[in-house]
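Content type PDB, C-alpha atoms, pLDDT in the B column, from the file my_file_4.pdb:
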MODEL        1
ATOM      1  CA  MET A 275      51.414  90.201  25.060  1.00 63.00           C
ATOM      2  CA  PHE A 276      50.147  87.379  27.283  1.00 66.00           C
ATOM      3  CA  LYS A 277      48.971  85.480  24.232  1.00 72.00           C
ATOM      4  CA  LEU A 278      52.478  85.659  22.776  1.00 73.00           C
ATOM      5  CA  ILE A 279      53.970  84.358  26.024  1.00 71.00           C
ATOM      6  CA  ASN A 280      51.441  81.516  26.194  1.00 72.00           C
ATOM      7  CA  ASN A 281      52.053  80.603  22.557  1.00 79.00           C
ATOM      8  CA  THR A 282      55.800  80.578  23.183  1.00 85.00           C
ATOM      9  CA  LYS A 283      55.389  78.342  26.249  1.00 82.00           C
ATOM     10  CA  GLN A 284      53.188  75.973  24.264  1.00 83.00           C
ATOM     11  CA  TYR A 285      55.685  75.881  21.408  1.00 87.00           C
ATOM     12  CA  PHE A 286      58.574  74.934  23.693  1.00 87.00           C
ATOM     13  CA  ALA A 287      56.407  72.402  25.547  1.00 85.00           C
ATOM     14  CA  LEU A 288      55.489  70.774  22.231  1.00 87.00           C
ATOM     15  CA  ARG A 289      59.147  70.609  21.204  1.00 91.00           C
ATOM     16  CA  ALA A 290      60.085  69.026  24.537  1.00 90.00           C
ATOM     17  CA  TYR A 291      57.217  66.542  24.307  1.00 91.00           C
ATOM     18  CA  GLN A 292      58.214  65.566  20.767  1.00 92.00           C
ATOM     19  CA  SER A 293      61.850  65.072  21.684  1.00 92.00           C
ATOM     20  CA  LYS A 294      61.569  63.308  25.075  1.00 94.00           C
ATOM     21  CA  LEU A 295      58.157  61.726  25.455  1.00 94.00           C
ATOM     22  CA  PRO A 296      58.319  59.035  22.729  1.00 94.00           C
ATOM     23  CA  TYR A 297      61.503  57.591  24.238  1.00 95.00           C
ATOM     24  CA  GLN A 298      60.086  57.660  27.762  1.00 96.00           C
ATOM     25  CA  LEU A 299      56.837  55.956  26.700  1.00 96.00           C
ATOM     26  CA  ARG A 300      58.724  53.221  24.836  1.00 95.00           C
ATOM     27  CA  ALA A 301      61.072  52.681  27.772  1.00 96.00           C
ATOM     28  CA  LEU A 302      58.173  52.332  30.212  1.00 96.00           C
ATOM     29  CA  TYR A 303      55.506  50.552  28.146  1.00 95.00           C
ATOM     30  CA  GLY A 304      57.093  49.264  24.958  1.00 95.00           C
ATOM     31  CA  GLU A 305      56.391  50.238  21.361  1.00 93.00           C
ATOM     32  CA  ARG A 306      52.698  51.060  20.901  1.00 90.00           C
ATOM     33  CA  ARG A 307      50.665  53.185  18.613  1.00 87.00           C
ATOM     34  CA  GLN A 308      48.540  54.588  21.439  1.00 89.00           C
ATOM     35  CA  TYR A 309      48.873  54.855  25.214  1.00 92.00           C
ATOM     36  CA  THR A 310      46.410  55.512  28.033  1.00 89.00           C
ATOM     37  CA  PRO A 311      46.100  58.946  29.659  1.00 87.00           C
ATOM     38  CA  THR A 312      47.585  57.510  32.860  1.00 90.00           C
ATOM     39  CA  GLN A 313      50.593  56.097  31.002  1.00 93.00           C
ATOM     40  CA  ILE A 314      51.130  59.412  29.255  1.00 93.00           C
ATOM     41  CA  THR A 315      50.941  61.369  32.518  1.00 91.00           C
ATOM     42  CA  ILE A 316      53.404  59.024  34.243  1.00 94.00           C
ATOM     43  CA  ALA A 317      55.816  59.293  31.317  1.00 95.00           C
ATOM     44  CA  ILE A 318      55.572  63.094  31.405  1.00 94.00           C
ATOM     45  CA  HIS A 319      56.526  63.099  35.094  1.00 94.00           C
ATOM     46  CA  LYS A 320      59.372  60.607  34.607  1.00 95.00           C
ATOM     47  CA  ALA A 321      60.764  62.601  31.668  1.00 94.00           C
ATOM     48  CA  GLY A 322      60.689  65.795  33.752  1.00 92.00           C
ATOM     49  CA  LEU A 323      58.330  67.577  31.376  1.00 91.00           C
ATOM     50  CA  CYS A 324      55.823  70.312  32.236  1.00 87.00           C
ATOM     51  CA  ILE A 325      52.486  68.694  33.084  1.00 87.00           C
ATOM     52  CA  GLU A 326      50.645  71.934  32.292  1.00 86.00           C
ATOM     53  CA  HIS A 327      50.618  71.119  28.568  1.00 85.00           C
ATOM     54  CA  ARG A 328      49.763  67.407  28.817  1.00 86.00           C
ATOM     55  CA  GLN A 329      46.815  67.947  26.465  1.00 85.00           C
ATOM     56  CA  LEU A 330      49.388  68.180  23.660  1.00 86.00           C
ATOM     57  CA  ALA A 331      50.675  64.729  24.574  1.00 89.00           C
ATOM     58  CA  TYR A 332      47.157  63.336  24.765  1.00 88.00           C
ATOM     59  CA  GLU A 333      46.499  64.562  21.250  1.00 87.00           C
ATOM     60  CA  MET A 334      49.703  62.877  20.095  1.00 88.00           C
ATOM     61  CA  TYR A 335      49.045  59.450  21.628  1.00 89.00           C
ATOM     62  CA  LEU A 336      45.302  58.969  22.175  1.00 89.00           C
ATOM     63  CA  SER A 337      42.717  57.904  19.626  1.00 85.00           C
ATOM     64  CA  LYS A 338      40.161  60.474  18.484  1.00 85.00           C
ATOM     65  CA  ASP A 339      37.447  58.744  20.524  1.00 87.00           C
ATOM     66  CA  GLU A 340      39.595  58.805  23.660  1.00 84.00           C
ATOM     67  CA  ILE A 341      40.354  62.502  23.177  1.00 83.00           C
ATOM     68  CA  LYS A 342      36.657  63.255  22.763  1.00 83.00           C
ATOM     69  CA  SER A 343      35.814  61.238  25.873  1.00 82.00           C
ATOM     70  CA  PHE A 344      38.579  62.940  27.826  1.00 76.00           C
ATOM     71  CA  HIS A 345      37.276  66.399  26.840  1.00 75.00           C
ATOM     72  CA  GLU A 346      33.739  65.471  27.838  1.00 80.00           C
ATOM     73  CA  ASN A 347      34.838  64.058  31.185  1.00 76.00           C
ATOM     74  CA  SER A 348      37.040  67.089  31.848  1.00 70.00           C
ATOM     75  CA  ARG A 349      34.164  69.442  31.066  1.00 61.00           C
ATOM     76  CA  ILE A 350      31.817  67.510  33.338  1.00 52.00           C
ATOM     77  CA  HIS A 351      34.408  67.510  36.118  1.00 46.00           C
ATOM     78  CA  ARG A 352      34.971  71.270  35.807  1.00 48.00           C
ATOM     79  CA  GLU A 353      31.254  72.002  35.787  1.00 50.00           C
ATOM     80  CA  THR A 354      30.581  69.932  38.897  1.00 46.00           C
ATOM     81  CA  SER A 355      33.629  70.970  40.916  1.00 39.00           C
ATOM     82  CA  PRO A 356      32.978  73.205  43.939  1.00 43.00           C
ATOM     83  CA  GLN A 357      35.397  75.819  42.569  1.00 43.00           C
ATOM     84  CA  HIS A 358      33.311  76.208  39.409  1.00 43.00           C
ATOM     85  CA  GLN A 359      29.968  76.707  41.187  1.00 45.00           C
ATOM     86  CA  PRO A 360      28.531  80.210  40.939  1.00 49.00           C
ATOM     87  CA  PRO A 361      28.301  82.080  44.290  1.00 46.00           C
TER
ENDMDL
END

Could you render the structure as structure tokens?
Amino acid sequence: MFKLINNTKQYFALRAYQSKLPYQLRALYGERRQYTPTQITIAIHKAGLCIEHRQLAYEMYLSKDEIKSFHENSRIHRETSPQHQPP
């Protein structure tokens, strides 16, 4: 049941990102093929979108190398954060 709810949330987040985010990015930064993670995050906030699913936006507007780097940095950050340390 929770998987269905999460999939539904992700579906609606993707629809909102596809409909609002391109216009917000162009308004803020001009027409580009790719944007930085910071630009994407700012545009998400300005468009009033849910930040929880920003990974979807990153996959839409970052290069494959940037996505890979982002995943690696996120993994490293999670593994070294005090909340992730075993007791």

*Once the PyMOL selection byres ((chain A and resi 289-291) around 10) has been applied to the shown file, what residues remain in the selection, as a PyMOL selection string?*
chain A and resi 283-288+292-298+318+321-324+327-328+330-331+334

*Rounded to one decimal place, report the CA of Tyr309 (chain A)-CA of Phe344 (chain A) distance in Å.*
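Calculated distance between CA of Tyr309 (chain A) and CA of Phe344 (chain A) is 13.3 Å.
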
*Quick one, how far is CA of Asp339 (chain A) from CA of Arg307 (chain A)?*
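One can read the CA of Asp339 (chain A) to CA of Arg307 (chain A) distance as 14.5 Å.
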
*Expected selection from the PyMOL selection byres ((chain A and resi 311) around 10), given as a count of residues only*: 18

*What does the distance between CA of Lys320 (chain A) and CA of Leu299 (chain A) come to in Å, to one decimal place?*
9.5 Å
